[in-house]
file data10.cif (mmCIF, C-alpha atoms)
data_work
loop_
_atom_site.label_atom_id
_atom_site.label_comp_id
_atom_site.auth_asym_id
_atom_site.auth_seq_id
_atom_site.Cartn_x
_atom_site.Cartn_y
_atom_site.Cartn_z
CA MET P 20 311.58 114.90 113.06
CA ALA P 21 310.52 113.62 109.66
CA LYS P 22 307.01 113.19 111.00
CA GLU P 23 306.92 116.78 112.10
CA ARG P 24 308.01 117.97 108.71
CA LEU P 25 305.41 115.81 107.06
CA LEU P 26 302.74 117.28 109.28
CA VAL P 27 303.76 120.82 108.42
CA LEU P 28 303.72 119.95 104.75
CA ALA P 29 300.36 118.24 105.03
CA LEU P 30 298.87 121.22 106.84
CA PHE P 31 300.26 123.51 104.18
CA VAL P 32 298.77 121.39 101.42
CA PHE P 33 295.40 121.18 103.16
CA SER P 34 295.28 124.89 103.69
CA LEU P 35 295.89 125.43 99.97
CA ALA P 36 293.46 122.76 98.89
CA GLY P 37 290.77 124.48 100.91
CA CYS P 38 291.14 127.39 98.53
CA ALA P 39 288.22 129.41 99.89
CA THR P 40 288.10 131.00 103.31
CA VAL P 41 284.50 132.00 103.71
CA PRO P 42 283.69 132.13 107.42
CA VAL P 43 281.52 129.14 108.28
CA SER P 44 279.15 131.22 110.34
CA ALA P 45 278.63 133.80 107.60
CA LEU P 46 274.86 133.30 107.51
CA LYS P 47 274.25 132.05 111.03
CA SER P 48 271.87 134.04 113.18
CA PRO P 49 274.06 136.20 115.35
CA GLU P 50 273.49 135.85 119.09
CA THR P 51 272.90 139.56 119.29
CA SER P 52 270.05 139.44 116.75
CA LEU P 53 267.32 140.01 119.33
CA LYS P 54 269.17 142.97 120.80
CA SER P 55 269.79 144.59 117.45
CA ARG P 56 266.18 144.00 116.52
CA GLN P 57 265.13 145.93 119.61
CA ILE P 58 267.43 148.77 118.67
CA GLU P 59 266.52 148.92 114.99
CA MET P 60 262.81 148.26 115.15
CA ARG P 61 259.76 150.20 116.36
CA GLN P 62 256.04 149.67 116.03
CA PHE P 63 253.41 152.22 115.21
CA ASP P 64 249.76 152.07 116.14
CA THR P 65 248.34 152.16 112.64
CA GLN P 66 247.38 149.71 109.95
CA ASP P 67 248.29 152.06 107.15
CA GLU P 68 251.65 150.75 105.98
CA LEU P 69 251.80 153.17 103.07
CA LYS P 70 251.47 156.12 105.42
CA VAL P 71 254.41 154.89 107.48
CA LEU P 72 256.44 154.25 104.35
CA SER P 73 255.82 157.69 102.96
CA ALA P 74 256.58 159.31 106.32
CA THR P 75 259.84 157.35 106.38
CA ALA P 76 260.70 158.67 102.94
CA SER P 77 260.17 162.27 104.00
CA VAL P 78 262.15 161.83 107.21
CA LEU P 79 265.04 160.39 105.20
CA GLN P 80 264.79 163.35 102.87
CA ASP P 81 264.92 165.67 105.87
CA MET P 82 268.16 163.98 106.80
CA GLY P 83 269.61 164.62 103.38
CA PHE P 84 269.42 161.13 101.97
CA THR P 85 268.76 160.52 98.31
CA LEU P 86 266.47 157.58 97.83
CA THR P 87 267.97 154.96 95.58
CA GLU P 88 265.44 152.19 95.76
CA VAL P 89 261.76 151.97 96.65
CA GLU P 90 259.45 148.98 96.61
CA ARG P 91 255.95 149.83 97.73
CA ARG P 92 254.46 146.37 97.65
CA LEU P 93 257.12 144.96 99.98
CA GLY P 94 257.62 148.10 102.06
CA LEU P 95 261.24 148.96 101.30
CA ILE P 96 263.09 152.27 101.07
CA VAL P 97 266.83 152.51 100.50
CA GLY P 98 268.81 155.73 100.54
CA SER P 99 272.34 156.99 100.64
CA LYS P 100 274.37 160.16 101.17
CA GLU P 101 278.00 161.18 100.98
CA ARG P 102 279.42 163.29 103.77
CA ASP P 103 282.69 164.47 105.25
CA ALA P 104 284.32 161.91 107.53
CA THR P 105 287.27 163.86 108.83
CA VAL P 106 288.05 163.39 112.50
CA PRO P 107 290.10 166.35 113.80
CA GLY P 108 292.03 164.19 116.27
CA GLN P 109 293.02 161.79 113.52
CA VAL P 110 294.31 164.63 111.33
CA ALA P 111 296.41 165.99 114.16
CA MET P 112 297.86 162.57 114.94
CA ALA P 113 298.66 161.88 111.29
CA ALA P 114 300.31 165.29 110.85
CA PHE P 115 302.34 164.67 113.99
CA ALA P 116 303.42 161.24 112.69
CA ASP P 117 304.42 162.74 109.35
CA ILE P 118 306.47 165.49 110.99
CA LEU P 119 308.17 162.92 113.23
CA GLY P 120 308.86 160.79 110.17
CA ALA P 121 310.30 163.72 108.27
CA ALA P 122 312.46 164.69 111.22
CA GLY P 123 313.73 161.13 111.34
CA GLY P 124 314.55 161.29 107.65
CA SER P 125 311.87 158.95 106.37
CA SER P 126 308.92 159.86 104.20
CA SER P 127 305.84 158.62 105.95
CA ASN P 128 302.50 159.53 104.51
CA ALA P 129 300.05 159.06 107.35
CA LEU P 130 298.04 162.07 106.22
CA SER P 131 296.91 160.26 103.09
CA GLN P 132 295.57 157.41 105.18
CA ILE P 133 293.17 159.44 107.31
CA ASP P 134 289.41 159.20 106.89
CA SER P 135 288.12 161.66 104.38
CA VAL P 136 284.70 160.84 102.93
CA GLN P 137 281.95 158.54 104.07
CA THR P 138 278.99 157.07 102.29
CA ILE P 139 276.07 156.49 104.61
CA LEU P 140 273.54 153.90 103.53
CA VAL P 141 270.12 153.45 105.03
CA SER P 142 267.56 150.75 104.48
CA CYS P 143 264.04 150.77 105.92
CA VAL P 144 261.63 147.88 105.82
CA THR P 145 258.03 148.24 106.96
CA ARG P 146 255.79 145.35 107.77
CA LEU P 147 252.37 144.73 109.24
CA ASN P 148 252.61 142.54 112.33
CA LEU P 149 251.05 139.09 112.44
CA GLU P 150 247.73 140.36 113.80
CA LYS P 151 247.72 143.03 111.09
CA SER P 152 247.08 145.61 113.77
CA ARG P 153 250.32 147.61 113.79
CA VAL P 154 253.10 148.51 111.43
CA ALA P 155 256.67 147.67 112.37
CA VAL P 156 259.55 149.65 110.91
CA ARG P 157 263.06 148.30 110.92
CA VAL P 158 265.88 150.56 109.87
CA THR P 159 269.58 149.86 109.41
CA PHE P 160 272.41 152.28 108.79
CA GLN P 161 275.77 151.36 107.28
CA ARG P 162 278.89 153.44 106.78
CA VAL P 163 281.60 153.07 104.18
CA VAL P 164 284.55 155.30 105.04
CA PHE P 165 287.14 156.28 102.42
CA ASN P 166 290.59 157.67 103.17
CA ARG P 167 292.24 160.49 101.26
CA MET P 168 293.65 158.03 98.73
CA ASN P 169 290.03 157.11 97.97
CA GLN P 170 290.54 153.61 99.35
CA VAL P 171 287.90 152.04 101.55
CA SER P 172 289.26 152.25 105.07
CA ARG P 173 286.27 150.98 106.99
CA LEU P 174 283.00 149.15 106.42
CA GLU P 175 280.64 149.11 109.33
CA THR P 176 277.07 148.70 110.40
CA VAL P 177 276.03 151.48 112.73
CA ASN P 178 275.24 149.97 116.13
CA ASP P 179 274.90 153.11 118.22
CA PRO P 180 271.37 153.03 119.74
CA LYS P 181 271.35 156.86 119.85
CA VAL P 182 271.34 157.03 116.05
CA TYR P 183 268.29 154.80 115.89
CA THR P 184 266.48 156.57 118.70
CA GLY P 185 267.10 159.84 116.90
CA PHE P 186 265.69 158.47 113.69
CA PHE P 187 262.55 157.07 115.29
CA ASP P 188 261.97 160.30 117.24
CA LYS P 189 261.82 162.15 113.95
CA LEU P 190 259.69 159.49 112.33
CA SER P 191 257.11 159.44 115.11
CA LYS P 192 256.85 163.21 114.98
CA SER P 193 256.31 162.97 111.27
CA ILE P 194 253.40 160.53 111.50
CA PHE P 195 252.02 161.92 114.77
CA LEU P 196 252.26 158.51 116.40
CA GLU P 197 254.28 157.21 119.28
CA ALA P 198 257.08 154.82 118.27
CA ASP P 199 256.75 151.81 120.56
CA LYS P 200 259.60 149.49 121.29
CA ILE P 201 259.00 145.90 120.32
CA MET J 13 319.84 113.39 96.35
CA LYS J 14 316.99 111.72 98.15
CA LYS J 15 316.51 114.77 100.30
CA PHE J 16 316.50 117.00 97.26
CA LYS J 17 313.88 114.81 95.64
CA ARG J 18 311.69 115.04 98.69
CA THR J 19 312.01 118.78 98.92
CA PHE J 20 311.25 119.05 95.22
CA LEU J 21 308.15 116.95 95.69
CA GLY J 22 307.19 119.06 98.66
CA PHE J 23 307.07 122.11 96.45
CA LEU J 24 305.62 120.42 93.41
CA ILE J 25 302.51 119.05 95.07
CA PRO J 26 301.34 122.39 96.50
CA ALA J 27 302.18 124.02 93.17
CA ILE J 28 299.93 121.58 91.34
CA LEU J 29 297.21 122.11 93.91
CA ILE J 30 297.42 125.86 93.52
CA ALA J 31 297.33 125.53 89.75
CA GLY J 32 294.24 123.37 90.11
CA CYS J 33 292.56 126.20 91.93
CA ALA J 34 293.46 128.86 89.44
CA THR J 35 291.21 129.98 86.63
CA THR J 36 291.68 132.63 84.02
CA PRO J 37 289.99 135.90 84.94
CA GLU J 38 287.64 135.57 81.96
CA GLU J 39 286.36 132.21 83.12
CA HIS J 40 284.76 133.99 86.06
CA ILE J 41 282.34 135.84 83.80
CA LEU J 42 280.17 132.78 83.42
CA ASP J 43 281.64 130.62 86.20
CA LEU J 44 280.20 127.53 84.61
CA SER J 45 282.94 125.18 85.73
CA GLU J 46 281.28 124.40 89.04
CA ASN J 47 278.96 121.50 89.37
CA GLN J 48 275.82 123.45 88.55
CA LEU J 49 273.33 120.86 89.65
CA LYS J 50 274.92 120.39 93.02
CA LEU J 51 275.19 124.11 93.57
CA ARG J 52 271.56 124.57 92.67
CA SER J 53 270.44 122.03 95.21
CA ILE J 54 272.62 123.66 97.87
CA GLN J 55 271.14 127.08 97.14
CA THR J 56 267.50 126.16 96.58
CA ARG J 57 264.65 125.11 98.84
CA SER J 58 260.96 124.74 98.25
CA PHE J 59 258.28 125.92 100.66
CA ASP J 60 254.71 124.70 100.84
CA THR J 61 253.00 128.03 100.42
CA ASN J 62 251.82 130.15 97.54
CA ASP J 63 251.91 133.42 99.44
CA LYS J 64 254.72 135.11 97.55
CA GLU J 65 254.37 138.43 99.34
CA LYS J 66 254.61 136.85 102.78
CA MET J 67 257.59 134.81 101.64
CA MET J 68 259.38 137.85 100.28
CA ARG J 69 258.68 139.91 103.39
CA SER J 70 259.98 137.05 105.50
CA ILE J 71 263.14 136.91 103.39
CA MET J 72 263.68 140.62 103.98
CA ALA J 73 263.10 140.22 107.72
CA THR J 74 265.46 137.24 107.84
CA LEU J 75 268.17 139.15 106.02
CA GLN J 76 267.76 142.00 108.49
CA ASP J 77 267.97 139.56 111.38
CA LEU J 78 271.24 138.32 109.91
CA ASP J 79 272.59 141.90 109.98
CA PHE J 80 272.06 142.53 106.29
CA VAL J 81 270.92 145.79 104.82
CA VAL J 82 268.27 145.17 102.19
CA ASN J 83 269.36 147.03 99.06
CA LYS J 84 266.80 146.01 96.51
CA ALA J 85 263.47 144.27 96.34
CA ASP J 86 261.03 143.72 93.52
CA TYR J 87 257.80 141.89 94.05
CA GLU J 88 257.00 141.17 90.41
CA LEU J 89 260.36 139.58 89.77
CA GLY J 90 260.61 138.09 93.24
CA ILE J 91 264.08 139.48 93.89
CA VAL J 92 265.62 140.60 97.18
CA THR J 93 269.24 141.71 97.49
CA GLY J 94 271.10 142.46 100.68
CA THR J 95 274.57 143.49 101.81
CA LYS J 96 276.35 142.86 105.06
CA PHE J 97 279.73 144.00 106.28
CA ALA J 98 281.59 141.18 108.02
CA GLN J 99 285.20 141.49 109.11
CA ASN J 100 285.79 144.39 106.74
CA GLN J 101 284.55 142.31 103.82
CA VAL J 102 281.34 142.73 101.89
CA LEU J 103 278.92 139.85 101.99
CA LYS J 104 276.33 140.16 99.24
CA MET J 105 273.31 138.01 98.82
CA THR J 106 270.52 137.73 96.28
CA VAL J 107 267.39 135.71 96.92
CA ILE J 108 264.91 134.91 94.19
CA VAL J 109 261.42 133.57 94.78
CA ARG J 110 259.46 131.90 92.03
CA GLU J 111 256.45 129.70 91.75
CA LYS J 112 257.18 125.99 91.66
CA ASP J 113 253.60 124.88 91.24
CA LYS J 114 250.21 126.06 92.49
CA ASN J 115 250.96 125.30 96.11
CA SER J 116 254.66 125.83 96.53
CA LEU J 117 257.40 128.35 96.01
CA LEU J 118 261.02 127.87 95.11
CA VAL J 119 263.52 130.06 96.92
CA ARG J 120 267.04 130.31 95.58
CA ALA J 121 269.76 132.21 97.36
CA ASN J 122 273.28 132.94 96.30
CA ALA J 123 275.94 134.79 98.17
CA GLN J 124 279.46 136.06 97.75
CA TYR J 125 281.97 136.96 100.40
CA GLY J 126 284.53 139.52 99.32
CA ILE J 127 285.51 138.27 95.87
CA ARG J 128 284.54 134.66 96.41
CA ALA J 129 281.28 132.88 95.72
CA ILE J 130 279.98 130.92 98.67
CA ASN J 131 279.61 127.36 97.41
CA THR J 132 279.58 125.41 100.65
CA PRO J 133 276.25 124.06 101.93
CA GLU J 134 276.50 125.20 105.58
CA PRO J 135 275.89 128.94 105.17
CA TYR J 136 272.87 128.31 102.95
CA GLN J 137 271.55 125.73 105.39
CA ASP J 138 271.82 128.36 108.13
CA PHE J 139 270.00 130.89 106.00
CA PHE J 140 267.15 128.55 105.10
CA ASP J 141 266.85 127.43 108.72
CA ALA J 142 266.38 131.04 109.75
CA LEU J 143 263.98 131.68 106.89
CA GLY J 144 261.94 128.58 107.74
CA LYS J 145 261.53 129.84 111.29
CA ALA J 146 260.41 133.22 110.01
CA VAL J 147 257.66 131.79 107.78
CA PHE J 148 256.73 128.98 110.17
CA LEU J 149 257.33 126.47 107.38
CA SER J 150 259.97 123.89 106.78
CA ALA J 151 262.43 124.40 103.96
CA ASN J 152 262.33 121.33 101.75
CA GLN J 153 265.33 120.11 99.86
CA ILE J 154 264.67 119.92 96.14
CA ASP J 155 265.53 116.89 94.03
#

call {"tool": "encode", "arguments": {"input": "data10.cif", "output": "structure tokens"}}
result
Amino acid sequence: MAKERLLVLALFVFSLAGCATVPVSALKSPETSLKSRQIEMRQFDTQDELKVLSATASVLQDMGFTLTEVERRLGLIVGSKERDATVPGQVAMAAFADILGAAGGSSSNALSQIDSVQTILVSCVTRLNLEKSRVAVRVTFQRVVFNRMNQVSRLETVNDPKVYTGFFDKLSKSIFLEADKI
Amino acid sequence: MKKFKRTFLGFLIPAILIAGCATTPEEHILDLSENQLKLRSIQTRSFDTNDKEKMMRSIMATLQDLDFVVNKADYELGIVTGTKFAQNQVLKMTVIVREKDKNSLLVRANAQYGIRAINTPEPYQDFFDALGKAVFLSANQID
């Protein structure tokens, strides 16, 4: 009995002494890295990296992004845009929950918790392949969703392959070159 | 009485441990309390190459492989910054490349997870392992 209590206490102490809870695998290569590379990356049959970079910039502009960071020498373009993030179904559900709450005599406020605004971030990196014969473009999209209280409700990397296919379709049209999968 | 003493001790020890962890908010501005030298060796590696551009491009590719979005890069200053969302927390990382001598480069990385600095060696080891594979060079520990 005393042993058990000691153990609990010891565990408690250890957990406090640890102090930080950074996940150990924070910077480990994820097992899905090859798959996400295939989704996020395409190659173009040109050696002109600047041409690809500038085409990328204009495609992003077409999509309404404002470019926040550009580094020509290293082939980087970063952009962002703010858009509406309201999901009709979510609004209906929240309104329903609030009405139910009110009917039950409590003041729930589910409507203030629903998604309202999202910031979409995009980052494109271009790079000549090892043989210096083709230019690879890798793009990543992230979303930060805010609720009506202006609190961050979700942080996510966009994993939907359709988004990336859509982007590369536009990009290949813009540089008149086929986007080849890696 | 004995039992009371034990219970008291049981609370006191964790309390002291917690207090040991705590810092005033202002102390975090410079965060100089850590063992700087040790931290530097955890976060730094040297690579036997003088191709800064290739190194920086490899850093960007490695960050992307690790699910980061590259936010900033500057060749002249040798800086790359990336952000990753992990378990609804923001993981930020800055990597700086500078010349060590004519034939080698120093790469220093630092990262924070949510509101905490990452000070343990393992994540950095993982990062430099991945980076080493990307540049086909081994990451050497610095003295």

call {"tool": "closest_residue", "arguments": {"input": "data10.cif", "among": "P:Ser131, P:Ser142, P:Gln66, P:Gln137", "to": "chain J", "atoms": "only C-alpha atoms"}}
result
P:Ser142

call {"tool": "resolve_selection", "arguments": {"input": "data10.cif", "expression": "the PyMOL selection byres ((chain J) within 7 of (chain P))", "output": "mmCIF file with C-alpha atoms, in the coordinates of the input"}}
result
data_model
loop_
_atom_site.group_PDB
_atom_site.id
_atom_site.type_symbol
_atom_site.label_atom_id
_atom_site.label_comp_id
_atom_site.auth_asym_id
_atom_site.auth_seq_id
_atom_site.Cartn_x
_atom_site.Cartn_y
_atom_site.Cartn_z
ATOM 1 C CA PRO J 26 301.340 122.390 96.500
ATOM 2 C CA LEU J 29 297.210 122.110 93.910
ATOM 3 C CA ILE J 30 297.420 125.860 93.520
ATOM 4 C CA CYS J 33 292.560 126.200 91.930
ATOM 5 C CA ARG J 69 258.680 139.910 103.390
ATOM 6 C CA ASP J 77 267.970 139.560 111.380
ATOM 7 C CA LEU J 78 271.240 138.320 109.910
ATOM 8 C CA VAL J 81 270.920 145.790 104.820
ATOM 9 C CA VAL J 82 268.270 145.170 102.190
ATOM 10 C CA ASN J 83 269.360 147.030 99.060
ATOM 11 C CA LYS J 84 266.800 146.010 96.510
ATOM 12 C CA ALA J 85 263.470 144.270 96.340
ATOM 13 C CA ASP J 86 261.030 143.720 93.520
ATOM 14 C CA TYR J 87 257.800 141.890 94.050
ATOM 15 C CA PHE J 97 279.730 144.000 106.280
ATOM 16 C CA ASN J 100 285.790 144.390 106.740
ATOM 17 C CA TYR J 125 281.970 136.960 100.400
ATOM 18 C CA ILE J 130 279.980 130.920 98.670
ATOM 19 C CA GLU J 134 276.500 125.200 105.580
ATOM 20 C CA PRO J 135 275.890 128.940 105.170
ATOM 21 C CA ASP J 138 271.820 128.360 108.130
ATOM 22 C CA PHE J 139 270.000 130.890 106.000
#

call {"tool": "atom_distance", "arguments": {"input": "data10.cif", "atom1": "atom CA of Val92 of chain J", "atom2": "atom CA of Val109 of chain J"}}
result
8.5 Å

call {"tool": "atom_distance", "arguments": {"input": "data10.cif", "atom1": "atom CA of Lys189 of chain P", "atom2": "atom CA of Asp134 of chain P"}}
result
28.6 Å

call {"tool": "closest_residue", "arguments": {"input": "data10.cif", "among": "P:Val156, P:Ala129, P:Ala116, P:Val136", "to": "Lys100 of chain P", "atoms": "all atoms listed in the file"}}
result
P:Val136

call {"tool": "residues_around", "arguments": {"input": "data10.cif", "residues": "segment 140-151 of chain J", "least_positions_apart": "2", "cutoff": "6 Å", "atoms": "only C-alpha atoms", "output": "list in words"}}
result
Arg57, Ser58, Phe59, Ser70, Thr74, Gln137 and Asp138 of chain J

call {"tool": "residues_around", "arguments": {"input": "data10.cif", "residues": "segment 107-110 of chain P", "least_positions_apart": "4", "cutoff": "7 Å", "atoms": "all atoms listed in the file", "output": "number ranges by chain"}}
result
P: 114, 130, 133

call {"tool": "atom_distance", "arguments": {"input": "data10.cif", "atom1": "atom CA of Asn152 of chain J", "atom2": "atom CA of Asp60 of chain J"}}
result
8.4 Å

call {"tool": "closest_residue", "arguments": {"input": "data10.cif", "among": "J:Gln76, J:Thr93, J:Gln153, J:Gln48", "to": "Gln124 of chain J", "atoms": "only C-alpha atoms"}}
result
J:Thr93

call {"tool": "resolve_selection", "arguments": {"input": "data10.cif", "expression": "the PyMOL selection byres ((chain J and resi 115-119) around 8)", "output": "MDAnalysis selection string"}}
result
chainID J and resid 56:62 64 107:114 120:121

call {"tool": "closest_residue", "arguments": {"input": "data10.cif", "among": "J:Ile41, J:Leu21, J:Ile71, J:Ala129", "to": "Ile91 of chain J", "atoms": "only C-alpha atoms"}}
result
J:Ile71

call {"tool": "closest_residue", "arguments": {"input": "data10.cif", "among": "J:Lys17, J:Lys104, J:Thr95, J:Leu89", "to": "Asn122 of chain J", "atoms": "all atoms listed in the file"}}
result
J:Lys104
